[in-house]
$ cat my_file_32.txt   # compact mmCIF, C-alpha atoms
# COMPACT_ATOMS: atom_id res chain seq x y z
CA MET H 1 10.39 -19.86 -26.47
CA LYS H 2 12.79 -20.22 -23.53
CA ARG H 3 12.51 -16.49 -22.82
CA LEU H 4 8.74 -16.73 -22.55
CA PHE H 5 9.11 -19.53 -20.03
CA LEU H 6 11.79 -17.71 -18.02
CA LEU H 7 9.71 -14.59 -17.30
CA PRO H 8 6.87 -16.40 -15.44
CA VAL H 9 9.44 -18.41 -13.47
CA LEU H 10 11.24 -15.22 -12.39
CA LEU H 11 7.95 -13.56 -11.46
CA LEU H 12 6.93 -16.58 -9.44
CA PHE H 13 10.31 -16.54 -7.65
CA PHE H 14 9.97 -12.85 -6.69
CA PHE H 15 6.34 -13.29 -5.67
CA LEU H 16 7.08 -16.32 -3.51
CA ARG H 17 10.13 -14.64 -1.97
CA THR H 18 8.03 -11.60 -1.09
CA ASN H 19 5.19 -13.68 0.31
CA ALA H 20 7.59 -15.92 2.20
CA GLN H 21 9.09 -12.95 4.02
CA ASN H 22 5.69 -11.56 4.96
CA SER H 23 2.54 -13.16 3.63
CA ARG H 24 0.28 -10.18 4.21
CA TRP H 25 2.19 -6.94 3.58
CA MET H 26 3.86 -6.19 0.24
CA TYR H 27 6.36 -3.41 -0.44
CA LEU H 28 4.79 -0.56 -2.41
CA SER H 29 7.21 2.36 -2.34
CA SER H 30 9.74 4.20 -0.18
CA ASP H 31 11.62 7.43 0.21
CA LYS H 32 14.29 8.59 2.66
CA ASP H 33 11.78 8.92 5.49
CA GLU H 34 9.25 6.13 5.09
CA THR H 35 8.57 2.75 3.50
CA LEU H 36 4.99 2.03 2.43
CA MET H 37 3.50 -1.45 2.31
CA ILE H 38 0.08 -2.55 1.12
CA ASP H 39 -2.14 -5.17 2.70
CA THR H 40 -2.52 -7.89 0.08
CA ALA H 41 -5.14 -9.97 1.90
CA LYS H 42 -7.98 -10.46 -0.61
CA ASN H 43 -10.69 -9.71 1.94
CA ASP H 44 -9.04 -6.38 2.85
CA ILE H 45 -9.00 -4.99 -0.71
CA LYS H 46 -12.53 -3.97 -1.61
CA GLN H 47 -13.60 -2.68 -5.02
CA PHE H 48 -16.83 -0.75 -5.60
CA LYS H 49 -18.49 0.48 -8.79
CA THR H 50 -19.93 3.35 -6.73
CA TYR H 51 -18.95 4.47 -3.25
CA GLU H 52 -19.97 7.72 -1.55
CA GLY H 53 -20.83 9.36 -4.86
CA HIS H 54 -17.62 8.26 -6.58
CA ASN H 55 -17.12 5.62 -9.27
CA ASN H 56 -14.56 2.81 -9.42
CA VAL H 57 -13.40 3.10 -5.81
CA VAL H 58 -10.96 0.73 -4.12
CA LEU H 59 -10.51 0.52 -0.34
CA ILE H 60 -7.01 -0.48 0.75
CA TRP H 61 -4.90 -0.65 3.90
CA ILE H 62 -1.45 0.99 3.82
CA LYS H 63 1.26 0.55 6.45
CA GLY H 64 3.95 3.20 6.77
CA LEU H 65 7.24 2.27 8.42
CA LYS H 66 9.55 5.13 9.45
CA ASN H 67 13.08 4.59 8.15
CA LYS H 68 14.69 6.75 10.81
CA VAL H 69 13.83 8.73 13.91
CA ASP H 70 13.93 12.50 13.41
CA LYS H 71 16.22 14.69 15.46
CA GLU H 72 13.36 15.76 17.71
CA GLY H 73 12.79 12.09 18.63
CA SER H 74 9.48 11.54 16.90
CA SER H 75 7.05 9.39 18.83
CA ILE H 76 5.74 7.80 15.63
CA GLU H 77 7.41 4.63 14.31
CA SER H 78 4.67 3.34 12.05
CA SER H 79 1.18 4.11 10.79
CA LEU H 80 -1.78 2.17 9.47
CA MET H 81 -4.16 3.90 7.08
CA HIS H 82 -7.43 2.71 5.56
CA ILE H 83 -7.97 4.78 2.44
CA ALA H 84 -10.45 5.03 -0.40
CA ILE H 85 -9.08 5.55 -3.91
CA ASP H 86 -11.21 6.82 -6.80
CA THR H 87 -9.37 5.32 -9.77
CA THR H 88 -11.38 7.35 -12.30
CA THR H 89 -10.76 10.86 -10.96
CA SER H 90 -7.49 10.18 -9.10
CA GLU H 91 -8.87 11.28 -5.76
CA LEU H 92 -8.37 9.73 -2.35
CA GLY H 93 -9.74 10.03 1.15
CA SER H 94 -8.97 8.58 4.54
CA LYS H 95 -11.33 6.24 6.38
CA SER H 96 -9.02 5.79 9.35
CA ILE H 97 -5.47 6.47 10.51
CA THR H 98 -3.66 4.89 13.46
CA LEU H 99 -0.18 5.94 14.58
CA TYR H 100 2.11 3.60 16.55
CA ARG H 101 5.25 3.66 18.64
CA GLY H 102 6.31 0.05 18.91
CA ASP H 103 3.16 -1.93 19.68
CA SER H 104 1.44 0.99 21.40
CA VAL H 105 -1.17 3.19 19.74
CA VAL H 106 -0.17 6.86 19.94
CA GLN H 107 -3.23 8.21 18.13
CA SER H 108 -6.19 6.76 16.24
CA GLN H 109 -8.87 8.47 14.18
CA ASN H 110 -11.85 7.06 12.24
CA TYR H 111 -13.65 9.28 9.76
CA SER H 112 -17.40 8.83 9.28
CA ILE H 113 -17.34 11.02 6.16
CA ILE H 114 -14.54 10.82 3.63
CA THR H 115 -13.10 14.14 2.51
CA TRP H 116 -11.94 13.49 -1.06
CA GLN H 117 -8.77 15.21 -2.24
CA ASP H 118 -7.00 15.36 -5.59
CA VAL H 119 -3.87 13.23 -5.76
CA LEU H 120 -0.73 15.26 -6.32
CA PRO H 121 1.46 14.16 -9.24
CA GLY H 122 4.57 12.36 -8.04
CA SER H 123 3.17 11.79 -4.54
CA ASN H 124 2.56 8.55 -2.64
CA GLY H 125 -1.11 9.05 -3.46
CA GLU H 126 -0.27 8.63 -7.13
CA VAL H 127 1.42 5.30 -6.31
CA PHE H 128 -1.75 4.21 -4.48
CA VAL H 129 -3.94 5.13 -7.48
CA GLU H 130 -1.65 3.29 -9.92
CA TYR H 131 -1.64 0.19 -7.70
CA CYS H 132 -5.45 0.18 -7.48
CA ARG H 133 -5.74 0.57 -11.24
CA ALA H 134 -3.37 -2.38 -11.65
CA LEU H 135 -5.46 -4.73 -9.49
CA ASN H 136 -7.38 -6.04 -12.49
CA ARG H 137 -4.51 -5.76 -14.97
CA HIS H 138 -1.83 -8.43 -14.64
CA ASP H 139 0.47 -6.58 -17.04
CA LEU H 140 0.41 -3.49 -14.77
CA MET H 141 0.68 -5.50 -11.54
CA LEU H 142 3.97 -6.98 -12.76
CA LYS H 143 5.99 -3.89 -11.79
CA TYR H 144 4.67 -3.99 -8.20
CA ILE H 145 5.45 -7.68 -7.82
CA LEU H 146 8.96 -7.15 -9.17
CA ALA H 147 9.58 -4.13 -6.92
CA ALA H 148 8.39 -6.07 -3.87
CA GLY H 149 10.68 -8.96 -4.75
CA LEU H 150 13.67 -6.64 -4.92
CA HIS H 151 13.08 -5.20 -1.44
CA ASP H 152 13.86 -7.40 1.51
CA ILE H 153 11.51 -5.72 3.95
CA GLU H 154 9.82 -7.35 6.89
CA ALA H 155 6.84 -5.63 8.48
CA PRO H 156 6.45 -5.60 12.25
CA LYS H 157 4.87 -8.79 13.57
CA LYS H 158 2.00 -6.92 15.23
CA ASN H 159 -0.37 -4.09 14.13
$ encode --input "my_file_32.txt" --output "structure tokens"
Amino acid sequence: MKRLFLLPVLLLFFFLRTNAQNSRWMYLSSDKDETLMIDTAKNDIKQFKTYEGHNNVVLIWIKGLKNKVDKEGSSIESSLMHIAIDTTTSELGSKSITLYRGDSVVQSQNYSIITWQDVLPGSNGEVFVEYCRALNRHDLMLKYILAAGLHDIEAPKKN
């Protein structure tokens, strides 16, 4: 009985810790080059039964934070992507991408037509699909909440 009570308390602690550090952006995944965060604002996550000829589509915002500057002195420090995820066929497409250096926009592109692409196994796209599938499944969302609680990441104040 005590174990059942302890799990929700721990989850609440990690969730509150994550939201306290940054109430909008939640850690999603990272590799040696980039950390990805997802916009958790309810009004920015949109779910559609049908969208541009695809079923069960979720629109999400993803922020990419570069972990290091490459040797060539990359001008990109962060990115903001608005993407559509087809959770049935595991396809995704970009609606917009904006690249930043500090607070300045380096490049921005909006796409009027989404070009859908298959998600590669083991890629960040697969993480996006799994997250979108977990939106309506609390048991699946648990791993994302726990991972976010274990990463002490703070997104830039602007963007």
$ closest_residue --input "my_file_32.txt" --among "H:Val127, H:Met141, H:Val58, H:Leu92" --to "H:Ser29" --atoms "only C-alpha atoms"
H:Val127
$ residues_around --input "my_file_32.txt" --residues "stretch 48-54 of chain H" --least-positions-apart "2" --cutoff "12 Å" --atoms "only C-alpha atoms" --output "list in words"
Ile45, Lys46, Asn56, Val57, Val58, Leu59, Ile60, Ala84, Ile85, Asp86, Thr87, Thr88, Thr89, Ser90, Glu91, Leu92, Gly93, Lys95, Ser112, Ile113, Ile114, Thr115, Trp116 and Cys132 of chain H
$ residues_around --input "my_file_32.txt" --residues "H:Leu65" --least-positions-apart "3" --cutoff "6 Å" --atoms "all atoms listed in the file" --output "ChimeraX atom specification"
/H:34-35,78
$ atom_distance --input "my_file_32.txt" --atom1 "atom CA of H:Ser108" --atom2 "atom CA of H:His82"
11.5 Å
$ atom_distance --input "my_file_32.txt" --atom1 "atom CA of H:His138" --atom2 "atom CA of H:Asp118"
26.0 Å
$ atom_distance --input "my_file_32.txt" --atom1 "atom CA of H:Gln107" --atom2 "atom CA of H:Gly122"
27.6 Å
$ closest_residue --input "my_file_32.txt" --among "H:Gly125, H:Ile76, H:Tyr111, H:Ile83" --to "H:Asp39" --atoms "only C-alpha atoms"
H:Ile83
